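Asks: So here's model08.json (JSON, C-alpha atoms).
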[["chain", "number", "residue", "atom", "x", "y", "z"],
["A", 622, "MET", "CA", -55.08, -48.63, 60.22],
["A", 623, "LYS", "CA", -55.78, -47.18, 56.78],
["A", 624, "ARG", "CA", -58.90, -45.03, 56.65],
["A", 625, "PRO", "CA", -61.61, -46.37, 54.30],
["A", 626, "VAL", "CA", -62.49, -44.29, 51.24],
["A", 627, "VAL", "CA", -66.12, -43.69, 50.30],
["A", 628, "GLY", "CA", -67.19, -42.50, 46.87],
["A", 629, "VAL", "CA", -70.00, -39.94, 47.08],
["A", 630, "ILE", "CA", -71.86, -39.37, 43.83],
["A", 631, "GLY", "CA", -72.06, -35.88, 42.34],
["A", 632, "ASN", "CA", -75.09, -34.12, 40.85],
["A", 633, "ALA", "CA", -75.26, -31.96, 37.75],
["A", 634, "TYR", "CA", -75.56, -28.29, 38.67],
["A", 635, "ARG", "CA", -75.07, -24.96, 36.92],
["A", 636, "VAL", "CA", -73.40, -22.01, 38.61],
["A", 637, "GLU", "CA", -75.12, -18.76, 37.60],
["A", 638, "ASP", "CA", -77.14, -20.94, 35.23],
["A", 639, "ARG", "CA", -74.09, -21.04, 32.93],
["A", 640, "PHE", "CA", -71.18, -23.05, 34.27],
["A", 641, "ALA", "CA", -71.60, -26.82, 34.43],
["A", 642, "THR", "CA", -70.44, -28.31, 37.72],
["A", 643, "GLN", "CA", -70.76, -31.46, 39.81],
["A", 644, "MET", "CA", -72.05, -30.82, 43.31],
["A", 645, "VAL", "CA", -72.31, -32.75, 46.58],
["A", 646, "GLY", "CA", -74.00, -31.40, 49.70],
["A", 647, "GLU", "CA", -71.47, -30.93, 52.50],
["A", 648, "ARG", "CA", -73.66, -32.75, 55.02],
["A", 649, "ASN", "CA", -73.16, -35.96, 53.03],
["A", 650, "LEU", "CA", -69.40, -35.53, 53.16],
["A", 651, "ARG", "CA", -69.40, -34.73, 56.87],
["A", 652, "ALA", "CA", -71.63, -37.70, 57.69],
["A", 653, "VAL", "CA", -69.18, -40.03, 55.96],
["A", 654, "ALA", "CA", -66.13, -38.41, 57.55],
["A", 655, "GLU", "CA", -67.41, -37.73, 61.05],
["A", 656, "VAL", "CA", -69.74, -40.66, 61.66],
["A", 657, "SER", "CA", -68.69, -43.46, 59.30],
["A", 658, "GLY", "CA", -65.03, -42.66, 59.95],
["A", 659, "ALA", "CA", -64.13, -42.71, 56.26],
["A", 660, "LEU", "CA", -62.55, -40.33, 53.77],
["A", 661, "PRO", "CA", -65.29, -38.97, 51.45],
["A", 662, "LEU", "CA", -64.28, -38.73, 47.80],
["A", 663, "MET", "CA", -66.73, -37.10, 45.40],
["A", 664, "PHE", "CA", -67.00, -38.65, 41.95],
["A", 665, "ALA", "CA", -68.84, -37.31, 38.92],
["A", 666, "GLY", "CA", -72.35, -38.48, 38.12],
["A", 667, "SER", "CA", -71.42, -38.46, 34.46],
["A", 668, "PRO", "CA", -70.61, -41.67, 32.56],
["A", 669, "ASP", "CA", -68.17, -40.17, 30.07],
["A", 670, "ILE", "CA", -65.73, -39.23, 32.85],
["A", 671, "THR", "CA", -66.54, -41.88, 35.47],
["A", 672, "ASP", "CA", -65.32, -45.43, 34.93],
["A", 673, "ILE", "CA", -67.28, -47.58, 37.37],
["A", 674, "GLY", "CA", -64.76, -50.42, 37.38],
["A", 675, "ALA", "CA", -61.87, -48.07, 38.07],
["A", 676, "LEU", "CA", -63.89, -46.28, 40.73],
["A", 677, "LEU", "CA", -64.65, -49.50, 42.59],
["A", 678, "ASP", "CA", -60.97, -50.42, 42.48],
["A", 679, "VAL", "CA", -60.28, -47.23, 44.47],
["A", 680, "VAL", "CA", -63.14, -46.87, 46.95],
["A", 681, "ASP", "CA", -64.26, -49.10, 49.81],
["A", 682, "GLY", "CA", -67.92, -48.06, 49.64],
["A", 683, "VAL", "CA", -70.39, -45.78, 47.88],
["A", 684, "VAL", "CA", -73.04, -43.30, 48.99],
["A", 685, "LEU", "CA", -75.84, -42.40, 46.59],
["A", 686, "THR", "CA", -77.07, -39.06, 47.92],
["A", 687, "GLY", "CA", -80.36, -37.28, 47.68],
["A", 688, "ALA", "CA", -80.74, -34.72, 44.91],
["A", 689, "ARG", "CA", -83.14, -32.16, 43.49],
["A", 690, "ALA", "CA", -83.50, -34.07, 40.21],
["A", 691, "ASN", "CA", -85.79, -37.08, 39.80],
["A", 692, "VAL", "CA", -84.81, -40.37, 38.18],
["A", 693, "HIS", "CA", -85.97, -40.13, 34.57],
["A", 694, "PRO", "CA", -89.30, -41.97, 34.09],
["A", 695, "THR", "CA", -88.11, -43.86, 31.01],
["A", 696, "ARG", "CA", -85.84, -45.79, 33.39],
["A", 697, "PHE", "CA", -88.95, -47.48, 34.78],
["A", 698, "ARG", "CA", -91.08, -47.60, 31.65],
["A", 699, "THR", "CA", -93.12, -44.44, 32.25],
["A", 700, "GLU", "CA", -93.66, -41.37, 30.08],
["A", 701, "PRO", "CA", -91.91, -38.22, 31.30],
["A", 702, "ASP", "CA", -93.86, -35.11, 32.27],
["A", 703, "GLU", "CA", -92.29, -31.66, 32.42],
["A", 704, "LYS", "CA", -93.99, -30.96, 35.77],
["A", 705, "HIS", "CA", -91.76, -33.60, 37.33],
["A", 706, "GLU", "CA", -88.51, -32.06, 36.11],
["A", 707, "PRO", "CA", -85.62, -31.53, 36.63],
["A", 708, "TYR", "CA", -83.94, -34.77, 35.63],
["A", 709, "ASP", "CA", -80.27, -35.76, 35.73],
["A", 710, "ILE", "CA", -79.99, -38.46, 33.07],
["A", 711, "HIS", "CA", -76.21, -38.72, 33.31],
["A", 712, "ARG", "CA", -76.40, -39.45, 37.03],
["A", 713, "ASP", "CA", -79.03, -42.08, 36.18],
["A", 714, "ASP", "CA", -76.54, -43.72, 33.84],
["A", 715, "VAL", "CA", -73.87, -43.90, 36.53],
["A", 716, "ALA", "CA", -75.98, -44.65, 39.61],
["A", 717, "LEU", "CA", -78.05, -47.50, 38.18],
["A", 718, "ALA", "CA", -75.06, -49.36, 36.77],
["A", 719, "LEU", "CA", -73.02, -48.59, 39.88],
["A", 720, "THR", "CA", -75.68, -50.03, 42.18],
["A", 721, "GLU", "CA", -75.61, -53.35, 40.35],
["A", 722, "ALA", "CA", -71.80, -53.37, 40.31],
["A", 723, "CYS", "CA", -71.53, -52.66, 44.05],
["A", 724, "VAL", "CA", -73.95, -55.44, 44.92],
["A", 725, "ALA", "CA", -72.20, -57.88, 42.58],
["A", 726, "ARG", "CA", -68.78, -57.07, 44.06],
["A", 727, "GLY", "CA", -69.90, -56.88, 47.67],
["A", 728, "VAL", "CA", -68.97, -53.19, 47.92],
["A", 729, "PRO", "CA", -70.99, -51.47, 50.68],
["A", 730, "ILE", "CA", -73.57, -49.07, 49.24],
["A", 731, "PHE", "CA", -75.86, -46.70, 51.11],
["A", 732, "GLY", "CA", -78.69, -44.96, 49.23],
["A", 733, "ILE", "CA", -80.33, -41.82, 50.60],
["A", 734, "CYS", "CA", -83.61, -40.39, 49.22],
["A", 735, "ARG", "CA", -82.95, -40.34, 45.45],
["A", 736, "GLY", "CA", -80.29, -42.97, 46.20],
["A", 737, "LEU", "CA", -82.94, -45.36, 47.54],
["A", 738, "GLN", "CA", -85.01, -44.71, 44.42],
["A", 739, "GLU", "CA", -82.02, -45.44, 42.19],
["A", 740, "MET", "CA", -81.37, -48.71, 44.00],
["A", 741, "ASN", "CA", -84.98, -49.74, 43.43],
["A", 742, "VAL", "CA", -84.92, -48.84, 39.73],
["A", 743, "ALA", "CA", -81.58, -50.58, 39.24],
["A", 744, "PHE", "CA", -83.26, -53.86, 40.18],
["A", 745, "GLY", "CA", -86.33, -53.37, 37.99],
["A", 746, "GLY", "CA", -88.60, -51.46, 40.34],
["A", 747, "SER", "CA", -90.74, -48.44, 39.53],
["A", 748, "LEU", "CA", -91.35, -45.02, 41.08],
["A", 749, "HIS", "CA", -94.32, -42.70, 41.38],
["A", 750, "PRO", "CA", -93.39, -39.11, 40.51],
["A", 751, "GLU", "CA", -95.66, -37.59, 43.16],
["A", 752, "ILE", "CA", -96.38, -39.89, 46.08],
["A", 753, "ARG", "CA", -98.86, -37.46, 47.66],
["A", 754, "GLU", "CA", -101.22, -37.97, 44.70],
["A", 755, "LEU", "CA", -101.80, -41.61, 45.63],
["A", 756, "PRO", "CA", -104.94, -42.32, 47.71],
["A", 757, "GLY", "CA", -104.33, -42.16, 51.45],
["A", 758, "ARG", "CA", -100.81, -40.73, 51.20],
["A", 759, "ILE", "CA", -99.58, -37.66, 53.03],
["A", 760, "ASN", "CA", -97.52, -34.85, 51.57],
["A", 761, "HIS", "CA", -93.91, -35.99, 51.96],
["A", 762, "ARG", "CA", -92.43, -32.81, 50.50],
["A", 763, "MET", "CA", -90.54, -30.27, 52.61],
["A", 764, "PRO", "CA", -92.59, -27.72, 54.59],
["A", 765, "ARG", "CA", -93.41, -24.43, 52.92],
["A", 766, "LEU", "CA", -94.74, -21.07, 54.01],
["A", 767, "GLU", "CA", -98.25, -19.92, 53.06],
["A", 768, "SER", "CA", -96.60, -17.96, 50.24],
["A", 769, "GLY", "CA", -95.35, -21.22, 48.72],
["A", 770, "GLU", "CA", -91.71, -20.52, 49.53],
["A", 771, "ILE", "CA", -89.63, -23.21, 51.23],
["A", 772, "HIS", "CA", -89.58, -22.67, 54.98],
["A", 773, "PRO", "CA", -86.45, -20.63, 55.81],
["A", 774, "ASP", "CA", -85.62, -22.54, 59.02],
["A", 775, "PRO", "CA", -83.70, -25.78, 58.29],
["A", 776, "THR", "CA", -84.63, -27.17, 61.69],
["A", 777, "VAL", "CA", -88.27, -27.02, 60.57],
["A", 778, "VAL", "CA", -87.52, -28.37, 57.09],
["A", 779, "PHE", "CA", -85.53, -31.34, 58.44],
["A", 780, "ALA", "CA", -87.63, -31.99, 61.56],
["A", 781, "ASP", "CA", -88.98, -35.50, 62.12],
["A", 782, "ARG", "CA", -92.39, -35.59, 60.46],
["A", 783, "HIS", "CA", -93.71, -39.12, 60.46],
["A", 784, "GLN", "CA", -93.27, -42.61, 61.84],
["A", 785, "VAL", "CA", -91.65, -45.56, 60.07],
["A", 786, "ASN", "CA", -92.44, -49.13, 61.07],
["A", 787, "LEU", "CA", -89.52, -51.50, 60.57],
["A", 788, "THR", "CA", -89.62, -55.22, 59.78],
["A", 789, "PRO", "CA", -89.15, -57.18, 63.03],
["A", 790, "GLY", "CA", -85.80, -58.95, 62.96],
["A", 791, "GLY", "CA", -84.78, -57.21, 59.73],
["A", 792, "ALA", "CA", -81.48, -55.51, 58.97],
["A", 793, "PHE", "CA", -82.71, -52.06, 60.05],
["A", 794, "ALA", "CA", -84.34, -53.33, 63.24],
["A", 795, "LYS", "CA", -81.08, -55.06, 64.17],
["A", 796, "ILE", "CA", -78.96, -51.97, 63.46],
["A", 797, "LEU", "CA", -81.32, -49.57, 65.25],
["A", 798, "GLY", "CA", -82.42, -51.83, 68.07],
["A", 799, "CYS", "CA", -86.10, -50.95, 67.66],
["A", 800, "GLU", "CA", -89.01, -51.46, 65.30],
["A", 801, "THR", "CA", -90.48, -47.94, 65.18],
["A", 802, "ILE", "CA", -88.64, -44.71, 64.36],
["A", 803, "ARG", "CA", -89.46, -41.14, 63.35],
["A", 804, "VAL", "CA", -87.82, -39.48, 60.36],
["A", 805, "ASN", "CA", -87.73, -36.30, 58.29],
["A", 806, "SER", "CA", -89.47, -36.10, 54.92],
["A", 807, "LEU", "CA", -88.31, -34.12, 51.89],
["A", 808, "HIS", "CA", -89.34, -35.95, 48.73],
["A", 809, "GLY", "CA", -92.03, -35.98, 46.07],
["A", 810, "GLN", "CA", -91.10, -39.13, 44.18],
["A", 811, "GLY", "CA", -91.15, -42.51, 45.88],
["A", 812, "ILE", "CA", -91.19, -46.26, 45.29],
["A", 813, "LEU", "CA", -94.29, -47.59, 43.56],
["A", 814, "GLU", "CA", -93.32, -51.22, 42.88],
["A", 815, "PRO", "CA", -90.22, -52.71, 44.53],
["A", 816, "GLY", "CA", -87.56, -54.24, 42.28],
["A", 817, "LYS", "CA", -87.08, -57.99, 42.11],
["A", 818, "ARG", "CA", -84.27, -58.03, 44.70],
["A", 819, "VAL", "CA", -85.57, -55.14, 46.77],
["A", 820, "VAL", "CA", -86.75, -56.14, 50.24],
["A", 821, "VAL", "CA", -88.97, -53.56, 51.93],
["A", 822, "GLU", "CA", -87.92, -53.15, 55.58],
["A", 823, "GLY", "CA", -89.53, -49.86, 56.56],
["A", 824, "VAL", "CA", -92.92, -48.36, 55.77],
["A", 825, "ALA", "CA", -94.43, -44.99, 56.78],
["A", 826, "GLU", "CA", -97.82, -44.75, 58.42],
["A", 827, "ASP", "CA", -99.40, -43.98, 55.04],
["A", 828, "GLY", "CA", -97.81, -46.97, 53.29],
["A", 829, "THR", "CA", -94.90, -45.14, 51.67],
["A", 830, "ILE", "CA", -91.76, -47.30, 51.44],
["A", 831, "GLU", "CA", -89.02, -45.73, 53.55],
["A", 832, "ALA", "CA", -86.29, -48.37, 54.02],
["A", 833, "ILE", "CA", -85.01, -51.15, 51.76],
["A", 834, "ARG", "CA", -82.24, -53.69, 51.49],
["A", 835, "ILE", "CA", -81.03, -55.65, 48.49],
["A", 836, "ALA", "CA", -81.63, -59.37, 48.95],
["A", 837, "ASP", "CA", -78.62, -61.68, 49.01],
["A", 838, "ALA", "CA", -76.14, -58.80, 48.77],
["A", 839, "ARG", "CA", -72.66, -59.82, 49.96],
["A", 840, "GLY", "CA", -72.11, -56.42, 51.54],
["A", 841, "PHE", "CA", -74.03, -53.56, 53.14],
["A", 842, "ALA", "CA", -76.75, -52.59, 50.60],
["A", 843, "LEU", "CA", -79.35, -50.45, 52.32],
["A", 844, "GLY", "CA", -81.42, -47.45, 51.28],
["A", 845, "VAL", "CA", -83.55, -44.93, 53.16],
["A", 846, "GLN", "CA", -86.10, -42.47, 51.81],
["A", 847, "TRP", "CA", -85.40, -39.85, 54.49],
["A", 848, "HIS", "CA", -82.35, -37.58, 54.67],
["A", 849, "ALA", "CA", -80.18, -39.48, 57.12],
["A", 850, "GLU", "CA", -77.18, -37.30, 56.28],
["A", 851, "TYR", "CA", -78.73, -34.19, 57.85],
["A", 852, "ASP", "CA", -77.96, -34.88, 61.50],
["A", 853, "PRO", "CA", -76.19, -38.19, 62.22],
["A", 854, "GLN", "CA", -73.78, -36.39, 64.55],
["A", 855, "ARG", "CA", -76.66, -35.95, 67.05],
["A", 856, "ASN", "CA", -79.59, -38.06, 65.80],
["A", 857, "PRO", "CA", -79.22, -41.59, 67.21],
["A", 858, "ILE", "CA", -81.13, -43.27, 64.38],
["A", 859, "ASN", "CA", -79.10, -41.70, 61.60],
["A", 860, "ARG", "CA", -75.87, -42.05, 63.56],
["A", 861, "ALA", "CA", -76.45, -45.80, 63.93],
["A", 862, "LEU", "CA", -76.95, -46.15, 60.17],
["A", 863, "PHE", "CA", -73.77, -44.30, 59.23],
["A", 864, "GLN", "CA", -71.84, -46.18, 61.92],
["A", 865, "ALA", "CA", -73.12, -49.49, 60.54],
["A", 866, "PHE", "CA", -72.04, -48.39, 57.07],
["A", 867, "GLY", "CA", -68.61, -47.51, 58.48],
["A", 868, "ALA", "CA", -68.34, -50.90, 60.17],
["A", 869, "ALA", "CA", -69.16, -52.59, 56.85],
["A", 870, "LEU", "CA", -66.35, -50.64, 55.18],
["A", 871, "VAL", "CA", -63.86, -51.83, 57.78],
["A", 872, "ALA", "CA", -65.10, -55.41, 57.59],
["A", 873, "ARG", "CA", -64.72, -55.49, 53.83],
["A", 874, "GLY", "CA", -61.24, -54.02, 54.11],
["A", 875, "ARG", "CA", -60.21, -56.79, 56.47],
["A", 876, "ALA", "CA", -61.71, -59.44, 54.20],
["A", 877, "THR", "CA", -59.80, -58.18, 51.18]]
What's the structure tokens form of this structure?
Replies:
Amino acid sequence: MKRPVVGVIGNAYRVEDRFATQMVGERNLRAVAEVSGALPLMFAGSPDITDIGALLDVVDGVVLTGARANVHPTRFRTEPDEKHEPYDIHRDDVALALTEACVARGVPIFGICRGLQEMNVAFGGSLHPEIRELPGRINHRMPRLESGEIHPDPTVVFADRHQVNLTPGGAFAKILGCETIRVNSLHGQGILEPGKRVVVEGVAEDGTIEAIRIADARGFALGVQWHAEYDPQRNPINRALFQAFGAALVARGRAT
């Protein structure tokens, strides 16, 4: 049987602060290959060299990865602030249009961290640039040392940090077989108002939206705020999500 192909979006990055590149974290590629059972194919998050229609003629699904850059605030009718940089406006151009196209075509799409945020914005939702500033919210950013530096141990950085309560009978509860999970947390920005087709299916203890699906999508169209790509080879929650994504790829291949 032919192996499904998954497009994994690239992020703008500069090598030595001089050479423009497109970058994808290897954990995203390995999660797709090793757990979803698909061939990962990176594509550029740049609209002048990425034709969305042509891309969707080639791939069987899409992963919108996490990224250092935030979605630009003008995409959800908010004034930008330099303290919330960096931005990646070209990825915005690709990811928002691509989300709508995937849902319209029934192409499976899985959004992770920034990817969840892009899915929300694509359907008219808004984001808050610093979730921890909202009353009652915890700090969802990655752990740091007292010096302010990011903690050097990735097992600490990506450790499960809070609970997520899932909608009973929802898509996530069905995939995971439970209604409460624990997840990692490495983000500043988060969903403020859900988009018109965005169904909230997972909420952290402090009210932060952690899991969404797109209503009436013909294919897999789920997003998570945590970094599910970090450890799906051994984490049963994240493994189940990437396996469900892989099953959706196969099912669409059979249907077409």
Asks: Choose the residue, out of A:Phe779, A:Trp847, A:Phe697, A:Phe793, that has the smallest atom-to-atom separation from Leu748 (chain A); count only C-alpha atoms.
Replies: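 Of all the options, A:Phe697 lies closest to Leu748 (chain A).
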Asks: For Ile759 (chain A), which residue out of A:Gly828, A:Gly874, A:Pro789, A:Pro701 is the nearest one, using all atoms listed in the file?
Replies: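 Checking each of A:Gly828, A:Gly874, A:Pro789, A:Pro701 against Ile759 (chain A), counting all atoms listed in the file, the winner is A:Gly828.
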Asks: For Val627 (chain A), which residue among A:Arg651, A:Arg803, A:Arg639, A:Arg839 is the nearest when counting all atoms listed in the file?
Replies: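 Closest to Val627 (chain A) of all the choices is A:Arg651.
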Asks: If we count all atoms listed in the file and set the cut-off at 9 Å, which residues sit around Leu870 (chain A), ignoring sequence neighbours fewer than 4 positions away in its own chain? Please answer as a list in words.
Replies: Pro625, Val626, Val627, Ser657, Ala659, Asp681, Gly682, Val728, Pro729, Gly840, Phe841, Ala865, Phe866, Gly874 and Arg875 of chain A
Asks: Please check which residues have atoms at most 9 Å from (-69.2, -37.8, 55.9) in the file's coordinates, counting only C-alpha atoms, and write them as a VMD selection string.
Replies: chain A and resid 627 647 to 661 850 863
Asks: Save the residues we just selected, C-alpha atoms, as a tab-separated table (two decimals), in the frame of the given file?
Replies:
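And here is the file that came out, out-v5.tsv:
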chain	number	residue	atom	x	y	z
A	627	VAL	CA	-66.12	-43.69	50.30
A	647	GLU	CA	-71.47	-30.93	52.50
A	648	ARG	CA	-73.66	-32.75	55.02
A	649	ASN	CA	-73.16	-35.96	53.03
A	650	LEU	CA	-69.40	-35.53	53.16
A	651	ARG	CA	-69.40	-34.73	56.87
A	652	ALA	CA	-71.63	-37.70	57.69
A	653	VAL	CA	-69.18	-40.03	55.96
A	654	ALA	CA	-66.13	-38.41	57.55
A	655	GLU	CA	-67.41	-37.73	61.05
A	656	VAL	CA	-69.74	-40.66	61.66
A	657	SER	CA	-68.69	-43.46	59.30
A	658	GLY	CA	-65.03	-42.66	59.95
A	659	ALA	CA	-64.13	-42.71	56.26
A	660	LEU	CA	-62.55	-40.33	53.77
A	661	PRO	CA	-65.29	-38.97	51.45
A	850	GLU	CA	-77.18	-37.30	56.28
A	863	PHE	CA	-73.77	-44.30	59.23
Asks: What's the 7 Å shell around Ala836 (chain A), counting only C-alpha atoms, without same-chain residues fewer than 6 positions away, as an NGL selection string?
Replies: :A and (818-820)
Asks: Write out as number ranges by chain each polymer residue whose atoms come within 9 Å of region 733-740 of chain A, counting all atoms listed in the file; drop sequence neighbours fewer than 4 positions from it.
Replies: A: 684-692, 713, 716-717, 720-721, 744, 746-748, 807-808, 810-812, 816, 819, 831-833, 835, 842-850
Asks: Could you tell me how far CA of Arg712 (chain A) sits from CA of Met663 (chain A), in Å to one decimal place?
Replies: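 Computing it gives 13.0 Å between the two atoms.
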Asks: Between CA of Val821 (chain A) and CA of Val777 (chain A), what is the spacing in Å?
Replies: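 CA of Val777 (chain A) sits 27.9 Å away from CA of Val821 (chain A).
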Asks: As an exercise, work out the distance from CA of Glu822 (chain A) to CA of Asn786 (chain A) in Å and give it to one decimal place.
Replies: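 Computing it gives 8.2 Å between the two atoms.
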